[in-house]
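Engineer: Contents of model_31.cif (mmCIF, C-alpha atoms and all ligand atoms):
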```cif
data_entry
#
loop_
_atom_site.label_atom_id
_atom_site.label_comp_id
_atom_site.auth_asym_id
_atom_site.auth_seq_id
_atom_site.Cartn_x
_atom_site.Cartn_y
_atom_site.Cartn_z
CA MET A 1 0.00 0.00 0.00
CA ASP A 2 1.53 3.29 -1.11
CA ILE A 3 0.79 6.95 -0.43
CA PRO A 4 -1.63 7.50 -3.35
CA LEU A 5 -3.66 4.37 -2.44
CA THR A 6 -3.81 5.47 1.20
CA ARG A 7 -5.07 8.89 0.14
CA THR A 8 -7.66 7.24 -2.11
CA TRP A 9 -8.82 5.09 0.82
CA ILE A 10 -9.35 8.14 3.00
CA THR A 11 -11.10 10.19 0.31
CA THR A 12 -13.32 7.19 -0.48
CA VAL A 13 -14.21 6.93 3.21
CA ALA A 14 -15.13 10.62 3.11
CA THR A 15 -17.39 10.14 0.07
CA THR A 16 -19.07 7.08 1.61
CA ILE A 17 -19.59 8.83 4.94
CA ALA A 18 -21.12 11.82 3.15
CA GLU A 19 -23.49 9.51 1.24
CA GLN A 20 -24.44 7.56 4.39
CA SER A 21 -24.51 10.51 6.77
CA ASP A 22 -28.31 10.56 7.14
CA TYR A 23 -28.38 6.80 7.73
CA LEU A 24 -25.71 7.02 10.47
CA THR A 25 -27.57 9.88 12.12
CA GLN A 26 -30.84 7.95 11.91
CA LEU A 27 -29.20 4.98 13.68
CA ASP A 28 -27.85 7.36 16.34
CA SER A 29 -31.30 8.89 16.83
CA ALA A 30 -32.59 5.52 18.09
CA ILE A 31 -29.96 4.97 20.81
CA GLY A 32 -27.95 8.19 20.99
CA ASP A 33 -28.26 11.88 20.23
CA ALA A 34 -28.74 11.80 16.44
CA ASP A 35 -25.38 13.25 15.45
CA HIS A 36 -23.14 10.37 14.37
CA GLY A 37 -23.51 11.06 10.64
CA VAL A 38 -23.08 14.78 11.20
CA ASN A 39 -19.98 14.21 13.35
CA MET A 40 -18.38 11.79 10.90
CA ASN A 41 -19.20 13.93 7.89
CA ARG A 42 -17.80 17.05 9.51
CA GLY A 43 -14.65 15.15 10.45
CA PHE A 44 -13.98 13.53 7.09
CA SER A 45 -14.79 16.73 5.16
CA ALA A 46 -12.12 18.42 7.27
CA VAL A 47 -9.76 15.51 6.57
CA VAL A 48 -10.23 15.87 2.80
CA ALA A 49 -9.45 19.59 3.11
CA ALA A 50 -6.40 18.86 5.29
CA LEU A 51 -5.03 16.33 2.78
CA ASP A 52 -5.74 18.48 -0.28
CA GLY A 53 -2.38 19.59 -1.65
CA TYR A 54 -0.56 18.11 1.36
CA GLU A 55 2.75 16.51 0.40
CA ALA A 56 2.75 13.41 2.60
CA THR A 57 6.17 11.89 3.30
CA SER A 58 4.92 8.39 4.15
CA VAL A 59 1.79 6.23 4.29
CA GLY A 60 1.72 6.85 8.03
CA ASP A 61 1.92 10.60 7.49
CA VAL A 62 -1.41 10.49 5.58
CA LEU A 63 -3.04 8.52 8.41
CA LEU A 64 -1.52 10.68 11.16
CA ARG A 65 -2.89 13.80 9.51
CA THR A 66 -6.27 12.08 9.14
CA GLY A 67 -6.33 11.14 12.82
CA THR A 68 -5.16 14.51 14.09
CA THR A 69 -7.86 16.23 12.03
CA LEU A 70 -10.57 13.91 13.36
CA VAL A 71 -9.50 14.45 16.97
CA SER A 72 -9.53 18.21 16.58
CA ARG A 73 -12.68 18.58 14.45
CA VAL A 74 -15.18 16.06 15.80
CA GLY A 75 -16.91 16.81 19.07
CA GLY A 76 -18.61 13.46 19.71
CA ALA A 77 -17.08 10.35 21.22
CA SER A 78 -16.37 9.00 17.75
CA GLY A 79 -13.89 11.79 16.82
CA PRO A 80 -11.29 11.07 19.50
CA LEU A 81 -11.83 7.31 19.10
CA TYR A 82 -11.39 7.18 15.32
CA GLY A 83 -8.80 9.93 15.48
CA THR A 84 -6.73 7.93 17.95
CA ALA A 85 -7.10 4.80 15.82
CA PHE A 86 -5.90 6.55 12.64
CA ARG A 87 -3.03 8.20 14.54
CA ALA A 88 -1.97 4.84 15.99
CA MET A 89 -2.06 3.31 12.48
CA GLY A 90 -0.03 6.21 11.14
CA LYS A 91 2.67 5.90 13.78
CA VAL A 92 3.66 2.39 12.68
CA LEU A 93 3.70 2.99 8.89
CA ASP A 94 6.77 5.07 8.14
CA GLY A 95 7.46 3.85 4.59
CA THR A 96 6.23 5.25 1.28
CA ASP A 97 5.08 1.78 0.21
CA VAL A 98 4.23 -0.66 2.99
CA ASP A 99 3.53 -4.37 2.68
CA ASP A 100 0.34 -6.24 3.58
CA ARG A 101 1.67 -7.40 6.97
CA ASP A 102 2.52 -3.79 7.85
CA VAL A 103 -1.06 -2.83 7.07
CA ALA A 104 -2.28 -5.66 9.33
CA ALA A 105 0.01 -4.46 12.13
CA ALA A 106 -1.23 -0.90 11.66
CA LEU A 107 -4.87 -1.97 11.82
CA ARG A 108 -4.03 -3.82 15.05
CA ALA A 109 -2.31 -0.75 16.50
CA GLY A 110 -5.39 1.27 15.57
CA LEU A 111 -7.73 -1.06 17.44
CA GLU A 112 -5.40 -1.13 20.45
CA GLY A 113 -5.29 2.67 20.55
CA LEU A 114 -9.06 2.90 20.27
CA GLN A 115 -9.59 0.34 23.05
CA LYS A 116 -7.01 1.98 25.29
CA LEU A 117 -8.93 5.24 25.01
CA GLY A 118 -12.50 3.92 25.07
CA ALA A 119 -12.06 0.80 27.22
CA ALA A 120 -14.68 -1.10 25.20
CA VAL A 121 -14.43 -4.85 24.68
CA PRO A 122 -16.29 -7.06 22.19
CA GLY A 123 -19.95 -7.29 23.18
CA ASP A 124 -20.25 -3.70 24.45
CA LYS A 125 -22.11 -2.60 21.27
CA THR A 126 -19.49 -0.22 19.91
CA ILE A 127 -17.00 0.32 17.09
CA VAL A 128 -15.00 -2.58 18.58
CA ASP A 129 -17.72 -5.08 17.59
CA ALA A 130 -17.08 -4.38 13.91
CA TYR A 131 -13.37 -3.57 14.12
CA ALA A 132 -12.16 -6.60 16.13
CA PRO A 133 -13.69 -9.25 13.82
CA ALA A 134 -12.54 -7.26 10.78
CA LEU A 135 -8.96 -7.31 12.02
CA GLU A 136 -9.17 -11.02 12.78
CA ALA A 137 -10.48 -11.75 9.29
CA PHE A 138 -7.81 -9.54 7.71
CA ASP A 139 -5.04 -11.44 9.54
CA SER A 140 -6.38 -14.91 8.80
CA ASP A 141 -6.87 -14.11 5.11
CA LEU A 142 -3.18 -13.10 4.90
CA ASP A 143 -2.22 -16.23 6.85
CA ASN A 144 -4.04 -18.25 4.19
CA GLY A 145 -2.04 -16.66 1.39
CA GLY A 146 -4.40 -13.78 0.64
CA THR A 147 -3.59 -10.43 -0.90
CA LEU A 148 -4.21 -6.93 0.44
CA ALA A 149 -7.43 -6.84 -1.61
CA SER A 150 -8.70 -10.24 -0.44
CA ALA A 151 -7.78 -9.50 3.18
CA ALA A 152 -9.59 -6.16 3.01
CA SER A 153 -12.61 -7.84 1.43
CA ALA A 154 -12.71 -10.49 4.18
CA ALA A 155 -12.34 -7.73 6.78
CA ALA A 156 -15.24 -5.76 5.28
CA ASP A 157 -17.48 -8.84 5.35
CA ALA A 158 -16.54 -9.54 8.98
CA ALA A 159 -17.13 -5.90 9.93
CA ARG A 160 -20.59 -6.10 8.32
CA ASP A 161 -21.42 -9.28 10.28
CA GLY A 162 -20.08 -7.71 13.48
CA MET A 163 -22.15 -4.59 12.83
CA ARG A 164 -25.29 -6.70 12.36
CA GLY A 165 -24.46 -8.54 15.58
CA THR A 166 -24.64 -5.28 17.56
CA THR A 167 -28.43 -5.14 17.11
CA ALA A 168 -28.95 -7.89 19.70
CA MET A 169 -26.49 -6.39 22.18
CA GLN A 170 -27.12 -4.18 25.16
CA ALA A 171 -24.80 -1.16 25.14
CA ARG A 172 -22.26 -1.00 27.92
CA LYS A 173 -20.19 1.94 26.65
CA GLY A 174 -21.00 5.38 25.31
CA ARG A 175 -24.27 7.27 25.27
CA ALA A 176 -26.36 4.23 24.28
CA SER A 177 -25.42 2.55 27.59
CA TYR A 178 -27.65 5.08 29.42
CA LEU A 179 -30.63 3.32 27.82
CA GLY A 180 -29.77 -0.01 29.43
CA PRO A 181 -31.96 -2.82 28.06
CA ARG A 182 -33.75 -0.35 25.77
CA SER A 183 -30.58 -0.19 23.64
CA VAL A 184 -31.27 -3.78 22.51
CA GLY A 185 -32.84 -4.12 19.05
CA HIS A 186 -30.95 -1.28 17.38
CA GLN A 187 -27.83 -1.46 15.23
CA ASP A 188 -24.89 0.50 16.64
CA PRO A 189 -24.02 3.65 14.63
CA GLY A 190 -20.27 3.44 15.33
CA ALA A 191 -20.06 -0.20 14.29
CA THR A 192 -21.83 0.86 11.11
CA SER A 193 -19.32 3.62 10.27
CA THR A 194 -16.52 1.12 10.96
CA TRP A 195 -18.03 -1.20 8.35
CA LEU A 196 -18.08 1.70 5.87
CA ILE A 197 -14.38 2.39 6.55
CA PHE A 198 -13.43 -1.26 5.92
CA ARG A 199 -15.71 -1.46 2.90
CA ALA A 200 -13.90 1.56 1.43
CA LEU A 201 -10.56 -0.19 2.02
CA ALA A 202 -11.88 -3.28 0.22
CA GLU A 203 -13.09 -1.17 -2.72
CA VAL A 204 -9.90 0.80 -3.27
CA THR A 205 -7.55 -2.16 -2.83
CA ASP A 206 -9.65 -4.22 -5.23
CA ARG A 207 -9.47 -1.47 -7.85
CA ALA A 208 -5.70 -1.17 -7.32
CA ALA A 209 -5.08 -4.93 -7.47
CA PRO A 210 -3.38 -6.31 -10.55
CA SER A 211 -6.09 -7.67 -12.83
CA THR A 212 -5.99 -11.32 -13.81
CA VAL A 213 -8.05 -10.61 -16.92
CA GLU A 214 -6.52 -8.80 -19.90
CA ALA A 215 -8.43 -5.62 -20.65
P1 LIG A 301 -21.56 10.69 20.77
O1 LIG A 301 -21.93 9.40 21.40
O2 LIG A 301 -20.65 11.51 21.61
O3 LIG A 301 -22.76 11.45 20.28
P2 LIG A 301 -21.13 9.73 18.08
O4 LIG A 301 -22.62 9.75 17.97
O5 LIG A 301 -20.39 10.40 16.98
O6 LIG A 301 -20.67 10.32 19.48
O7 LIG A 301 -20.63 8.22 18.13
C1 LIG A 301 -21.37 7.22 18.77
C2 LIG A 301 -20.68 5.89 18.58
O8 LIG A 301 -19.43 5.90 19.25
C3 LIG A 301 -21.41 4.72 19.18
O9 LIG A 301 -22.37 4.20 18.26
C4 LIG A 301 -20.33 3.72 19.49
O10 LIG A 301 -20.13 2.81 18.43
C5 LIG A 301 -19.10 4.57 19.60
N1 LIG A 301 -18.57 4.57 20.96
C6 LIG A 301 -19.02 5.28 22.01
N2 LIG A 301 -18.27 5.03 23.10
C7 LIG A 301 -17.33 4.13 22.72
C8 LIG A 301 -16.23 3.47 23.38
N3 LIG A 301 -15.96 3.72 24.67
N4 LIG A 301 -15.46 2.63 22.65
C9 LIG A 301 -15.73 2.39 21.36
N5 LIG A 301 -16.73 2.98 20.66
C10 LIG A 301 -17.52 3.83 21.34
MG MG A 302 -24.11 10.72 18.92
#
```
Would you write out, as structure tokens, the structure that this file holds?
Ligand code: ADP
Ligand code: MG

Structural biologist:
Amino acid sequence: MDIPLTRTWITTVATTIAEQSDYLTQLDSAIGDADHGVNMNRGFSAVVAALDGYEATSVGDVLLRTGTTLVSRVGGASGPLYGTAFRAMGKVLDGTDVDDRDVAAALRAGLEGLQKLGAAVPGDKTIVDAYAPALEAFDSDLDNGGTLASAASAAADAARDGMRGTTAMQARKGRASYLGPRSVGHQDPGATSTWLIFRALAEVTDRAAPSTVEA
């Protein structure tokens, strides 16, 4: 994964978040304060502006700038959490073209940073419930001889399943936890935005992958 592909990932996340902003906010209106789409869209619009014309020196530099912008521009819980995750990813990717295992290690560092800050574990009905299975799927796809694109695709599928699994959970972290048992029966907004982020990674790595069919 090189600098241009990393930038394309982030700008694709921004486009997806903008498209799904109302949906994310609608999910947050059921168990939160109806601002998740607004928060994410504000954050990623600021990220696109911050990356525009920015001469990144490494893959990690793109992700560090993304994370720093999210931390400073998003007021909700999700800004510091995602911001910390992207910053943690950025800190371990100092090359201009990193290999698939480096990406896996960065995704792991991102989850660790997010969990260190938010103290959520699987089952708490948060971002972690999409992110943790995504990371696991990413790693095992590489272990089975996969490529960046296939690992990202497996991760996106696992994030989607994890996201769906949050519906049955009772929230134990964040605003939704104030609802207690009434949080059950609603899909978690943060797990949903995490799926969108992994889906964007799957899309851009698939497009960048060497084609097996002659055009
Ligand atoms: P806020 O809750 O401050 O309004 P957002 O609406 O932007 O912030 O984000 C809500 C999402 O943040 C939740 O759906 C949940 O997935 C995620 N979240 C909240 N607290 C935590 C936490 N401690 N760890 C991981 N994710 C969390
Ligand atoms: Mg909210």

Engineer: What residues of the protein or nucleic acid chains come within 6 Å of ligand MG 302 (chain A) when you use all atoms listed in the file? Reply as a list in words.

Structural biologist: Asp28, Gly32, Asp33, Ala34, Asp35 and His36 of chain A

Engineer: Could the residues that lie within 9 Å of ligand LIG 301 (chain A), counting only C-alpha atoms and all ligand atoms, be listed as a count of residues only?

Structural biologist: 52

Engineer: Compare A:Asn41, A:Gly162, A:Lys91, A:Ala132 by their minimum atom-to-atom distance to Thr16 (chain A), counting all atoms listed in the file, and give me the closest one.

Structural biologist: A:Asn41

Engineer: Could you state the separation of CA of Gly60 (chain A) and CA of Val47 (chain A) in Å, given to one decimal place?

Structural biologist: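 CA of Val47 (chain A) lies 14.5 Å from CA of Gly60 (chain A).
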
Engineer: CA of Leu196 (chain A) to CA of Val103 (chain A): how many Å, to one decimal?

Structural biologist: 17.7 Å

Engineer: Please report the interatomic distance between CA of Val71 (chain A) and CA of Ala104 (chain A) in Å with one decimal.

Structural biologist: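 Value for the CA of Val71 (chain A)-CA of Ala104 (chain A) distance: 22.7 Å.
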
Engineer: Nearest to Leu142 (chain A) among A:Ala105, A:Val48, A:Ala159, A:Ala88, with distances taken over only C-alpha atoms: which residue is it?

Structural biologist: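 Answer, going by the shortest atom-to-atom distance: A:Ala105.
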
Engineer: Find the residues around Ala134 (chain A) up to 8 Å (all atoms listed in the file counted), leave out those fewer than 6 positions away in its own chain, and share them as a compact mmCIF listing (two decimals) with C-alpha atoms, keeping the file's coordinate frame.

Structural biologist:
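Here's the written file selection.txt:
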```txt
# COMPACT_ATOMS: atom_id res chain seq x y z
CA ALA A 154 -12.71 -10.49 4.18
CA ALA A 155 -12.34 -7.73 6.78
CA ALA A 156 -15.24 -5.76 5.28
CA ASP A 157 -17.48 -8.84 5.35
CA ALA A 158 -16.54 -9.54 8.98
CA ALA A 159 -17.13 -5.90 9.93
CA PHE A 198 -13.43 -1.26 5.92
```

Engineer: Can you pull out the residues contacting region 182-185 of chain A? Cut-off 6 Å, using all atoms listed in the file, and skip same-chain residues under 2 positions away; I want them as number ranges by chain.

Structural biologist: A: 31, 167-170, 179-180

Engineer: Go through A:Val62, A:Ile17, A:Gln26, A:Phe138 and flag the residue nearest Arg42 (chain A), using all atoms listed in the file for the distances.

Structural biologist: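 Checking each candidate against Arg42 (chain A), we get A:Ile17 as the closest.
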